[in-house]
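Peer 1: Next up, start.txt (compact mmCIF, C-alpha atoms and all ligand atoms).
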# COMPACT_ATOMS: atom_id res chain seq x y z
CA MET A 1 -133.73 136.81 -35.89
CA GLN A 2 -135.10 140.01 -37.46
CA PRO A 3 -138.79 140.79 -37.16
CA ALA A 4 -140.57 140.60 -40.51
CA VAL A 5 -141.08 143.70 -42.61
CA ARG A 6 -143.90 144.77 -44.91
CA LEU A 7 -142.45 146.52 -47.93
CA VAL A 8 -143.53 147.68 -51.36
CA ILE A 9 -141.14 148.67 -54.09
CA LEU A 10 -141.84 151.22 -56.83
CA GLY A 11 -139.67 151.85 -59.86
CA LYS A 12 -139.91 151.94 -63.63
CA GLN A 13 -139.90 148.72 -65.61
CA GLY A 14 -136.26 147.66 -65.80
CA ALA A 15 -135.25 149.55 -62.64
CA GLY A 16 -134.14 146.25 -61.11
CA LYS A 17 -137.09 145.66 -58.77
CA GLY A 18 -137.29 141.93 -59.46
CA THR A 19 -133.58 141.31 -58.92
CA GLN A 20 -133.49 143.39 -55.75
CA CYS A 21 -136.69 141.89 -54.33
CA VAL A 22 -135.29 138.36 -54.55
CA ARG A 23 -132.29 139.54 -52.50
CA LEU A 24 -134.34 141.54 -49.99
CA ALA A 25 -136.73 138.61 -49.53
CA THR A 26 -133.80 136.38 -48.59
CA HIS A 27 -132.23 139.01 -46.33
CA TYR A 28 -135.42 139.85 -44.40
CA ARG A 29 -136.90 136.31 -44.67
CA VAL A 30 -140.21 137.37 -46.18
CA PRO A 31 -141.93 136.19 -49.38
CA HIS A 32 -141.34 138.15 -52.60
CA ILE A 33 -144.78 138.73 -54.09
CA SER A 34 -144.64 139.92 -57.70
CA THR A 35 -148.01 140.50 -59.35
CA GLY A 36 -146.36 140.32 -62.80
CA ASP A 37 -144.91 136.86 -61.94
CA MET A 38 -148.29 135.74 -60.57
CA PHE A 39 -150.11 136.84 -63.73
CA ARG A 40 -147.50 135.22 -65.98
CA ALA A 41 -147.90 131.95 -64.00
CA ALA A 42 -151.70 132.19 -64.37
CA GLN A 43 -151.26 132.63 -68.12
CA ARG A 44 -149.01 129.59 -68.38
CA SER A 45 -151.43 127.46 -66.39
CA GLY A 46 -154.09 128.09 -69.03
CA SER A 47 -156.71 128.88 -66.37
CA ASP A 48 -159.92 130.82 -67.17
CA LEU A 49 -158.08 133.89 -66.00
CA ALA A 50 -155.41 133.34 -68.68
CA ASP A 51 -157.55 134.54 -71.60
CA ARG A 52 -158.58 137.68 -69.75
CA LEU A 53 -154.97 138.53 -68.94
CA ALA A 54 -153.30 137.79 -72.27
CA LYS A 55 -154.20 140.93 -74.23
CA PHE A 56 -153.55 143.34 -71.36
CA MET A 57 -150.14 141.86 -70.69
CA ARG A 58 -148.95 141.49 -74.28
CA GLU A 59 -149.74 145.12 -74.99
CA GLY A 60 -148.35 146.46 -71.72
CA GLU A 61 -151.77 147.61 -70.47
CA LEU A 62 -152.74 147.50 -66.82
CA ILE A 63 -155.03 144.72 -65.61
CA PRO A 64 -158.21 146.15 -64.03
CA ASP A 65 -157.78 147.22 -60.42
CA ALA A 66 -160.56 145.06 -58.95
CA LEU A 67 -159.06 141.88 -60.40
CA VAL A 68 -155.53 142.78 -59.25
CA ILE A 69 -156.68 143.64 -55.73
CA ASP A 70 -158.54 140.29 -55.50
CA VAL A 71 -155.44 138.35 -56.53
CA VAL A 72 -153.21 140.23 -54.05
CA SER A 73 -155.75 139.89 -51.28
CA ASP A 74 -155.81 136.08 -51.73
CA ARG A 75 -152.02 135.96 -51.78
CA LEU A 76 -151.62 138.07 -48.63
CA ARG A 77 -153.97 135.74 -46.78
CA ARG A 78 -151.57 132.83 -47.22
CA PRO A 79 -149.74 131.97 -43.99
CA ASP A 80 -146.25 132.77 -45.29
CA ALA A 81 -147.25 136.43 -45.70
CA ALA A 82 -148.77 136.78 -42.25
CA ALA A 83 -145.75 138.40 -40.70
CA GLY A 84 -144.30 140.26 -43.66
CA PHE A 85 -143.74 140.46 -47.42
CA ILE A 86 -142.17 142.45 -50.18
CA LEU A 87 -144.59 143.47 -52.91
CA ASP A 88 -143.19 144.03 -56.39
CA GLY A 89 -145.39 145.55 -59.12
CA PHE A 90 -148.24 146.36 -56.74
CA PRO A 91 -149.70 148.87 -56.07
CA ARG A 92 -149.54 150.48 -59.50
CA THR A 93 -152.50 152.89 -59.31
CA ALA A 94 -154.06 155.11 -56.65
CA ALA A 95 -157.03 152.71 -56.41
CA GLN A 96 -154.64 149.81 -55.73
CA ALA A 97 -152.78 151.80 -53.05
CA GLU A 98 -156.13 152.57 -51.35
CA GLY A 99 -157.19 148.92 -51.74
CA MET A 100 -153.97 147.79 -50.12
CA SER A 101 -154.44 150.11 -47.13
CA GLU A 102 -157.88 148.59 -46.63
CA LEU A 103 -156.50 145.06 -46.93
CA LEU A 104 -153.87 145.69 -44.26
CA ALA A 105 -155.98 147.75 -41.85
CA PRO A 106 -155.69 148.14 -38.91
CA ASP A 107 -152.01 147.40 -39.69
CA ASP A 108 -150.04 149.25 -42.33
CA LEU A 109 -147.04 148.93 -44.59
CA ASP A 110 -143.67 149.60 -43.04
CA LEU A 111 -142.05 151.30 -46.02
CA CYS A 112 -142.33 152.07 -49.70
CA LEU A 113 -138.99 151.90 -51.54
CA ASP A 114 -138.69 153.99 -54.67
CA LEU A 115 -135.90 152.60 -56.83
CA GLU A 116 -134.85 155.49 -59.04
CA VAL A 117 -133.20 154.88 -62.42
CA ASP A 118 -133.10 157.16 -65.50
CA THR A 119 -135.36 156.23 -68.40
CA ALA A 120 -132.35 155.95 -70.76
CA VAL A 121 -130.84 153.29 -68.46
CA VAL A 122 -134.05 151.24 -68.16
CA LEU A 123 -134.62 151.31 -71.92
CA ALA A 124 -131.15 149.89 -72.49
CA ARG A 125 -131.70 147.22 -69.81
CA LEU A 126 -135.15 146.14 -71.03
CA SER A 127 -134.08 145.50 -74.59
CA LYS A 128 -131.35 143.17 -73.28
CA ARG A 129 -133.42 141.53 -70.53
CA ARG A 130 -134.10 137.79 -70.64
CA VAL A 131 -136.09 135.83 -68.03
CA CYS A 132 -136.54 132.22 -67.01
CA GLU A 133 -140.04 131.20 -68.01
CA ARG A 134 -140.24 128.77 -65.11
CA CYS A 135 -138.80 130.58 -62.05
CA ASN A 136 -138.64 134.20 -63.36
CA ALA A 137 -134.91 134.58 -62.67
CA THR A 138 -133.62 137.56 -64.63
CA TYR A 139 -130.63 137.56 -67.00
CA SER A 140 -129.38 139.85 -69.75
CA LEU A 141 -127.57 139.52 -73.04
CA GLU A 142 -124.48 140.69 -71.14
CA GLY A 143 -125.05 138.35 -68.19
CA PRO A 144 -126.53 135.14 -69.65
CA PRO A 145 -126.94 131.81 -67.83
CA VAL A 146 -123.83 129.61 -67.82
CA VAL A 147 -125.24 127.01 -70.24
CA ASP A 148 -127.05 127.86 -73.45
CA TRP A 149 -130.03 129.97 -72.19
CA THR A 150 -130.94 127.37 -69.59
CA CYS A 151 -131.68 128.87 -66.18
CA ASP A 152 -128.79 128.44 -63.70
CA ALA A 153 -131.28 128.15 -60.83
CA CYS A 154 -133.96 125.77 -62.13
CA GLY A 155 -133.02 124.57 -65.62
CA GLY A 156 -135.99 126.38 -67.23
CA ARG A 157 -135.82 128.04 -70.65
CA VAL A 158 -134.54 131.63 -70.57
CA VAL A 159 -136.41 133.82 -73.06
CA GLN A 160 -137.37 137.40 -73.91
CA ARG A 161 -140.65 138.47 -72.31
CA ASP A 162 -143.61 138.95 -74.70
CA ASP A 163 -144.01 142.49 -73.41
CA ASP A 164 -140.35 143.48 -73.75
CA THR A 165 -141.08 144.68 -77.29
CA GLU A 166 -140.45 148.31 -78.18
CA ALA A 167 -144.15 149.27 -78.41
CA ALA A 168 -145.11 147.56 -75.14
CA ILE A 169 -142.07 148.98 -73.31
CA TRP A 170 -143.05 152.56 -74.25
CA ARG A 171 -146.67 151.94 -73.25
CA ARG A 172 -145.62 150.48 -69.88
CA LEU A 173 -143.31 153.43 -69.18
CA GLU A 174 -146.07 155.88 -70.14
CA LEU A 175 -148.50 154.13 -67.77
CA TYR A 176 -145.85 154.12 -65.06
CA GLU A 177 -145.47 157.92 -65.28
CA ARG A 178 -149.22 158.50 -65.40
CA GLU A 179 -150.56 155.95 -62.91
CA THR A 180 -147.74 154.75 -60.67
CA ALA A 181 -145.28 157.65 -60.26
CA PRO A 182 -147.92 159.70 -58.36
CA LEU A 183 -147.81 157.03 -55.62
CA VAL A 184 -144.38 158.35 -54.63
CA ALA A 185 -146.09 161.51 -53.32
CA TRP A 186 -148.88 159.39 -51.77
CA TYR A 187 -146.36 157.42 -49.66
CA LEU A 188 -144.29 160.52 -48.90
CA GLU A 189 -147.38 162.20 -47.41
CA ARG A 190 -147.84 159.14 -45.20
CA ASP A 191 -144.19 159.23 -44.12
CA LYS A 192 -143.50 155.79 -45.63
CA LEU A 193 -141.22 156.72 -48.52
CA VAL A 194 -137.54 155.93 -48.98
CA VAL A 195 -135.87 156.88 -52.27
CA VAL A 196 -132.88 154.79 -53.32
CA ASP A 197 -130.59 155.30 -56.33
CA GLY A 198 -130.97 152.19 -58.51
CA ASP A 199 -128.01 152.90 -60.77
CA GLY A 200 -125.00 150.67 -60.16
CA SER A 201 -124.20 146.98 -59.83
CA PRO A 202 -126.85 144.74 -58.23
CA ASP A 203 -124.64 144.31 -55.13
CA THR A 204 -124.19 148.08 -54.73
CA VAL A 205 -127.92 148.68 -55.02
CA THR A 206 -128.77 145.89 -52.55
CA LYS A 207 -126.41 147.43 -49.99
CA ARG A 208 -128.04 150.84 -50.47
CA LEU A 209 -131.51 149.36 -50.03
CA VAL A 210 -130.66 147.40 -46.89
CA ARG A 211 -128.91 150.41 -45.39
CA ALA A 212 -131.93 152.63 -46.14
CA ILE A 213 -134.45 150.11 -44.77
CA ASP A 214 -132.43 149.46 -41.61
CA ALA A 215 -131.95 153.20 -41.05
CA ARG A 216 -135.72 153.72 -41.13
CA LEU A 217 -136.80 150.56 -39.30
CA GLY A 218 -133.63 150.01 -37.30
CA ASN A 219 -135.27 150.53 -33.95
CA ARG A 220 -137.22 147.31 -34.58
CA PHE A 221 -134.17 145.14 -35.33
P1 LIG B 301 -144.43 143.37 -64.41
O1 LIG B 301 -143.81 142.02 -64.43
O2 LIG B 301 -144.56 143.93 -63.05
O3 LIG B 301 -143.77 144.32 -65.38
O4 LIG B 301 -145.94 143.17 -64.92
C1 LIG B 301 -146.20 142.64 -66.22
C2 LIG B 301 -147.62 143.00 -66.64
O5 LIG B 301 -148.56 142.41 -65.70
C3 LIG B 301 -147.96 144.49 -66.62
O6 LIG B 301 -147.55 145.16 -67.82
C4 LIG B 301 -149.48 144.43 -66.49
O7 LIG B 301 -150.10 144.05 -67.69
C5 LIG B 301 -149.66 143.28 -65.49
N1 LIG B 301 -149.61 143.75 -64.09
C6 LIG B 301 -148.73 143.37 -63.13
N2 LIG B 301 -148.99 143.96 -61.95
C7 LIG B 301 -150.06 144.76 -62.17
C8 LIG B 301 -150.78 145.66 -61.35
N3 LIG B 301 -150.46 145.86 -60.05
N4 LIG B 301 -151.84 146.32 -61.91
C9 LIG B 301 -152.18 146.14 -63.19
N5 LIG B 301 -151.53 145.31 -64.04
C10 LIG B 301 -150.47 144.62 -63.53
Represent the structure contained in this file as structure tokens.

Peer 2:
Amino acid sequence: MQPAVRLVILGKQGAGKGTQCVRLATHYRVPHISTGDMFRAAQRSGSDLADRLAKFMREGELIPDALVIDVVSDRLRRPDAAAGFILDGFPRTAAQAEGMSELLAPDDLDLCLDLEVDTAVVLARLSKRRVCERCNATYSLEGPPVVDWTCDACGGRVVQRDDDTEAAIWRRLELYERETAPLVAWYLERDKLVVVDGDGSPDTVTKRLVRAIDARLGNRF
């Protein structure tokens, strides 16, 4: 059995992070931790947190760092994440990257994957994206579930995300360039970065990712 890995994945909205993380989580047997999925679940549960999150998320704004770091810190303390994880959608700002280093100290991440896709490609994907509101499985207008927008995996309703509107998509991409893209240099300086071309079929991209991860961490497997 492979030893667990601690990974984060960066990439624009629509780069395919969610789809690839589900596959990598299965391959490396670690939990897929998506902050976006966690916040959407909190919203659905109608908790106190839900009201605070709603406006940020609908408009594509970032949730304040302190709150995000608290949520991730709680999640990483759960036993299933003790030996490894793949983080999707976190960190998204320099403060979150610093917060994460503190959370993991004296350990560290193994790798940061940067899934690169042109903006024109992600814009086309996002407008066609549909997601299961129960399990977050991702579909598209070109690749719908087998039966009438009912999730193949869990039977949940497959819908368009509230923040996959044109205005929110542009805002999220703008924030990505301003706040998140600089983390690529941050991880490069720490010798943790692997850049992978995210254009191509999901299977092709998964193979590229696994090859890149194994090439960097291969001595541990
Ligand atoms: P995602 O599913 O990753 O696109 O996230 C959906 C929305 O959740 C984002 O547009 C933000 O409003 C919020 N969100 C998710 N992760 C973070 C994060 N690490 N920092 C701030 N806001 C976040």

Peer 1: Quick check, in Å to one decimal: how far apart do CA of Gly156 (chain A) and CA of Leu141 (chain A) lie?

Peer 2: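 Separation of CA of Gly156 (chain A) and CA of Leu141 (chain A): 16.7 Å.
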
Peer 1: Can you tell me which residues sit at most 10 Å away from ligand LIG 301 (chain B), counting all atoms listed in the file, written as a PyMOL selection string?

Peer 2: chain A and resi 10-14+17-18+34-40+53-69+71-72+87-93+95-97+136+161-164+168-169+171-173+175-176+179-180

Peer 1: Just to be explicit: take each residue in the selection above, keep C-alpha atoms, and write the result as a compact mmCIF listing (two decimals), in the frame of the given file.

Peer 2:
# COMPACT_ATOMS: atom_id res chain seq x y z
CA LEU A 10 -141.84 151.22 -56.83
CA GLY A 11 -139.67 151.85 -59.86
CA LYS A 12 -139.91 151.94 -63.63
CA GLN A 13 -139.90 148.72 -65.61
CA GLY A 14 -136.26 147.66 -65.80
CA LYS A 17 -137.09 145.66 -58.77
CA GLY A 18 -137.29 141.93 -59.46
CA SER A 34 -144.64 139.92 -57.70
CA THR A 35 -148.01 140.50 -59.35
CA GLY A 36 -146.36 140.32 -62.80
CA ASP A 37 -144.91 136.86 -61.94
CA MET A 38 -148.29 135.74 -60.57
CA PHE A 39 -150.11 136.84 -63.73
CA ARG A 40 -147.50 135.22 -65.98
CA LEU A 53 -154.97 138.53 -68.94
CA ALA A 54 -153.30 137.79 -72.27
CA LYS A 55 -154.20 140.93 -74.23
CA PHE A 56 -153.55 143.34 -71.36
CA MET A 57 -150.14 141.86 -70.69
CA ARG A 58 -148.95 141.49 -74.28
CA GLU A 59 -149.74 145.12 -74.99
CA GLY A 60 -148.35 146.46 -71.72
CA GLU A 61 -151.77 147.61 -70.47
CA LEU A 62 -152.74 147.50 -66.82
CA ILE A 63 -155.03 144.72 -65.61
CA PRO A 64 -158.21 146.15 -64.03
CA ASP A 65 -157.78 147.22 -60.42
CA ALA A 66 -160.56 145.06 -58.95
CA LEU A 67 -159.06 141.88 -60.40
CA VAL A 68 -155.53 142.78 -59.25
CA ILE A 69 -156.68 143.64 -55.73
CA VAL A 71 -155.44 138.35 -56.53
CA VAL A 72 -153.21 140.23 -54.05
CA LEU A 87 -144.59 143.47 -52.91
CA ASP A 88 -143.19 144.03 -56.39
CA GLY A 89 -145.39 145.55 -59.12
CA PHE A 90 -148.24 146.36 -56.74
CA PRO A 91 -149.70 148.87 -56.07
CA ARG A 92 -149.54 150.48 -59.50
CA THR A 93 -152.50 152.89 -59.31
CA ALA A 95 -157.03 152.71 -56.41
CA GLN A 96 -154.64 149.81 -55.73
CA ALA A 97 -152.78 151.80 -53.05
CA ASN A 136 -138.64 134.20 -63.36
CA ARG A 161 -140.65 138.47 -72.31
CA ASP A 162 -143.61 138.95 -74.70
CA ASP A 163 -144.01 142.49 -73.41
CA ASP A 164 -140.35 143.48 -73.75
CA ALA A 168 -145.11 147.56 -75.14
CA ILE A 169 -142.07 148.98 -73.31
CA ARG A 171 -146.67 151.94 -73.25
CA ARG A 172 -145.62 150.48 -69.88
CA LEU A 173 -143.31 153.43 -69.18
CA LEU A 175 -148.50 154.13 -67.77
CA TYR A 176 -145.85 154.12 -65.06
CA GLU A 179 -150.56 155.95 -62.91
CA THR A 180 -147.74 154.75 -60.67

Peer 1: Of the residues A:Asp74, A:Ala15, A:Ala41, A:Gly218, which is the one nearest to Thr119 (chain A), using only C-alpha atoms?

Peer 2: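 Using only C-alpha atoms, Thr119 (chain A) sits closest to A:Ala15.
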
Peer 1: Measuring between all atoms listed in the file, which one of A:Ile213, A:Cys132, A:Ala42, A:Leu183 shows the shortest distance to Val159 (chain A)?

Peer 2: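 Closest candidate: A:Cys132.
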
Peer 1: Do you have the CA of Asp203 (chain A)-CA of Arg6 (chain A) distance handy?

Peer 2: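 That distance, rounded to one decimal, is 21.8 Å.
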
Peer 1: Figure out the distance between CA of Ala50 (chain A) and CA of Arg129 (chain A), please, to one decimal in Å.

Peer 2: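 Atom-to-atom, CA of Arg129 (chain A) and CA of Ala50 (chain A) are spaced 23.5 Å apart.
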
Peer 1: Measuring atom to atom with only C-alpha atoms, identify which of A:Val196, A:Pro182, A:Leu103, A:Arg208 is nearest to Val117 (chain A).

Peer 2: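 With only C-alpha atoms as the atom set, the closest residue is A:Val196.
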
Peer 1: For Glu98 (chain A), which residue out of A:Tyr187, A:Glu174, A:Ala212, A:Arg157 is the nearest one, using all atoms listed in the file?

Peer 2: A:Tyr187

Peer 1: Got a sec: who's within 12 Å of Asp107 (chain A), counting all atoms listed in the file, leaving out chain neighbours fewer than 4 positions off, as a PyMOL selection string?

Peer 2: chain A and resi 5-6+82-84+100-103

Peer 1: Please save C-alpha atoms of the selected residues as a PDB file, in the coordinates of the input.

Peer 2:
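Final output, saved to selection-v6.pdb:
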ATOM      1  CA  VAL A   5    -141.080 143.700 -42.610  1.00  0.00           C
ATOM      2  CA  ARG A   6    -143.900 144.770 -44.910  1.00  0.00           C
ATOM      3  CA  ALA A  82    -148.770 136.780 -42.250  1.00  0.00           C
ATOM      4  CA  ALA A  83    -145.750 138.400 -40.700  1.00  0.00           C
ATOM      5  CA  GLY A  84    -144.300 140.260 -43.660  1.00  0.00           C
ATOM      6  CA  MET A 100    -153.970 147.790 -50.120  1.00  0.00           C
ATOM      7  CA  SER A 101    -154.440 150.110 -47.130  1.00  0.00           C
ATOM      8  CA  GLU A 102    -157.880 148.590 -46.630  1.00  0.00           C
ATOM      9  CA  LEU A 103    -156.500 145.060 -46.930  1.00  0.00           C
TER      10      LEU A 103
END

Peer 1: For Glu166 (chain A), which residue out of A:Gln20, A:Thr206, A:Ser47, A:Ser127 is the nearest one, using only C-alpha atoms?

Peer 2: A:Ser127

Peer 1: Need to verify the contact set: Asp80 (chain A), 9 Å, all atoms listed in the file, exclusion of same-chain residues closer than 4 positions in sequence. Can you return it as a list in words?

Peer 2: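 Within the cut-off, the hits are Val30, Pro31, Leu76, Gly84 and Phe85 of chain A.
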
Peer 1: Measuring atom to atom with all atoms listed in the file, identify which of A:Ile86, A:Cys21, A:Ala4, A:Leu111 is nearest to Asp191 (chain A).

Peer 2: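 Among the listed residues, A:Leu111 lies closest to Asp191 (chain A).
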
Peer 1: Reconstruct all heavy atoms of region 2-13 of chain A; output as a tab-separated table (two decimals), in the coordinates of the input.

Peer 2:
chain	number	residue	atom	x	y	z
A	2	GLN	N	-134.46	138.71	-37.26
A	2	GLN	CA	-135.10	140.01	-37.46
A	2	GLN	C	-136.62	139.87	-37.53
A	2	GLN	O	-137.12	138.92	-38.12
A	2	GLN	CB	-134.62	140.60	-38.78
A	2	GLN	CG	-133.15	140.92	-38.77
A	2	GLN	CD	-132.70	141.45	-40.12
A	2	GLN	OE1	-133.32	141.18	-41.12
A	2	GLN	NE2	-131.61	142.18	-40.11
A	3	PRO	N	-137.35	140.83	-36.96
A	3	PRO	CA	-138.79	140.79	-37.16
A	3	PRO	C	-139.12	141.04	-38.63
A	3	PRO	O	-138.36	141.70	-39.33
A	3	PRO	CB	-139.31	141.94	-36.30
A	3	PRO	CG	-138.15	142.72	-35.87
A	3	PRO	CD	-136.90	141.97	-36.18
A	4	ALA	N	-140.24	140.48	-39.09
A	4	ALA	CA	-140.57	140.60	-40.51
A	4	ALA	C	-140.96	142.02	-40.87
A	4	ALA	O	-141.39	142.79	-40.02
A	4	ALA	CB	-141.71	139.64	-40.83
A	5	VAL	N	-140.78	142.34	-42.14
A	5	VAL	CA	-141.08	143.70	-42.61
A	5	VAL	C	-142.12	143.61	-43.73
A	5	VAL	O	-142.19	142.64	-44.46
A	5	VAL	CB	-139.82	144.39	-43.16
A	5	VAL	CG1	-138.88	144.75	-42.02
A	5	VAL	CG2	-139.11	143.55	-44.19
A	6	ARG	N	-142.92	144.68	-43.81
A	6	ARG	CA	-143.90	144.77	-44.91
A	6	ARG	C	-143.48	145.92	-45.82
A	6	ARG	O	-143.55	147.08	-45.42
A	6	ARG	CB	-145.29	145.05	-44.34
A	6	ARG	CG	-145.96	143.78	-43.86
A	6	ARG	CD	-147.24	144.09	-43.19
A	6	ARG	NE	-146.91	144.85	-41.99
A	6	ARG	CZ	-147.58	144.79	-40.86
A	6	ARG	NH1	-148.64	144.03	-40.76
A	6	ARG	NH2	-147.21	145.50	-39.82
A	7	LEU	N	-143.03	145.54	-47.02
A	7	LEU	CA	-142.45	146.52	-47.93
A	7	LEU	C	-143.16	146.51	-49.27
A	7	LEU	O	-143.64	145.45	-49.70
A	7	LEU	CB	-140.97	146.18	-48.19
A	7	LEU	CG	-140.06	146.02	-46.99
A	7	LEU	CD1	-138.71	145.46	-47.42
A	7	LEU	CD2	-139.86	147.37	-46.29
A	8	VAL	N	-143.21	147.66	-49.92
A	8	VAL	CA	-143.53	147.68	-51.36
A	8	VAL	C	-142.38	148.38	-52.06
A	8	VAL	O	-141.68	149.20	-51.46
A	8	VAL	CB	-144.87	148.38	-51.71
A	8	VAL	CG1	-146.04	147.78	-50.98
A	8	VAL	CG2	-144.81	149.86	-51.47
A	9	ILE	N	-142.20	148.03	-53.33
A	9	ILE	CA	-141.14	148.67	-54.09
A	9	ILE	C	-141.73	149.27	-55.37
A	9	ILE	O	-142.49	148.61	-56.08
A	9	ILE	CB	-139.99	147.67	-54.38
A	9	ILE	CG1	-138.79	148.39	-54.98
A	9	ILE	CG2	-140.43	146.53	-55.26
A	9	ILE	CD1	-137.48	147.62	-54.84
A	10	LEU	N	-141.43	150.54	-55.60
A	10	LEU	CA	-141.84	151.22	-56.83
A	10	LEU	C	-140.60	151.45	-57.67
A	10	LEU	O	-139.49	151.55	-57.13
A	10	LEU	CB	-142.47	152.58	-56.52
A	10	LEU	CG	-143.72	152.61	-55.65
A	10	LEU	CD1	-144.18	154.07	-55.47
A	10	LEU	CD2	-144.84	151.78	-56.25
A	11	GLY	N	-140.80	151.58	-58.96
A	11	GLY	CA	-139.67	151.85	-59.86
A	11	GLY	C	-140.11	151.48	-61.26
A	11	GLY	O	-140.92	150.57	-61.44
A	12	LYS	N	-139.55	152.19	-62.23
A	12	LYS	CA	-139.91	151.94	-63.63
A	12	LYS	C	-139.61	150.49	-63.99
A	12	LYS	O	-138.75	149.85	-63.37
A	12	LYS	CB	-139.06	152.81	-64.56
A	12	LYS	CG	-139.32	154.28	-64.43
A	12	LYS	CD	-138.40	155.03	-65.42
A	12	LYS	CE	-138.45	156.51	-65.13
A	12	LYS	NZ	-137.18	157.03	-64.62
A	13	GLN	N	-140.25	150.03	-65.06
A	13	GLN	CA	-139.90	148.72	-65.61
A	13	GLN	C	-138.41	148.75	-65.93
A	13	GLN	O	-137.92	149.72	-66.51
A	13	GLN	CB	-140.70	148.48	-66.91
A	13	GLN	CG	-142.17	148.23	-66.72
A	13	GLN	CD	-142.96	149.46	-66.33
A	13	GLN	OE1	-142.49	150.59	-66.42
A	13	GLN	NE2	-144.18	149.24	-65.87
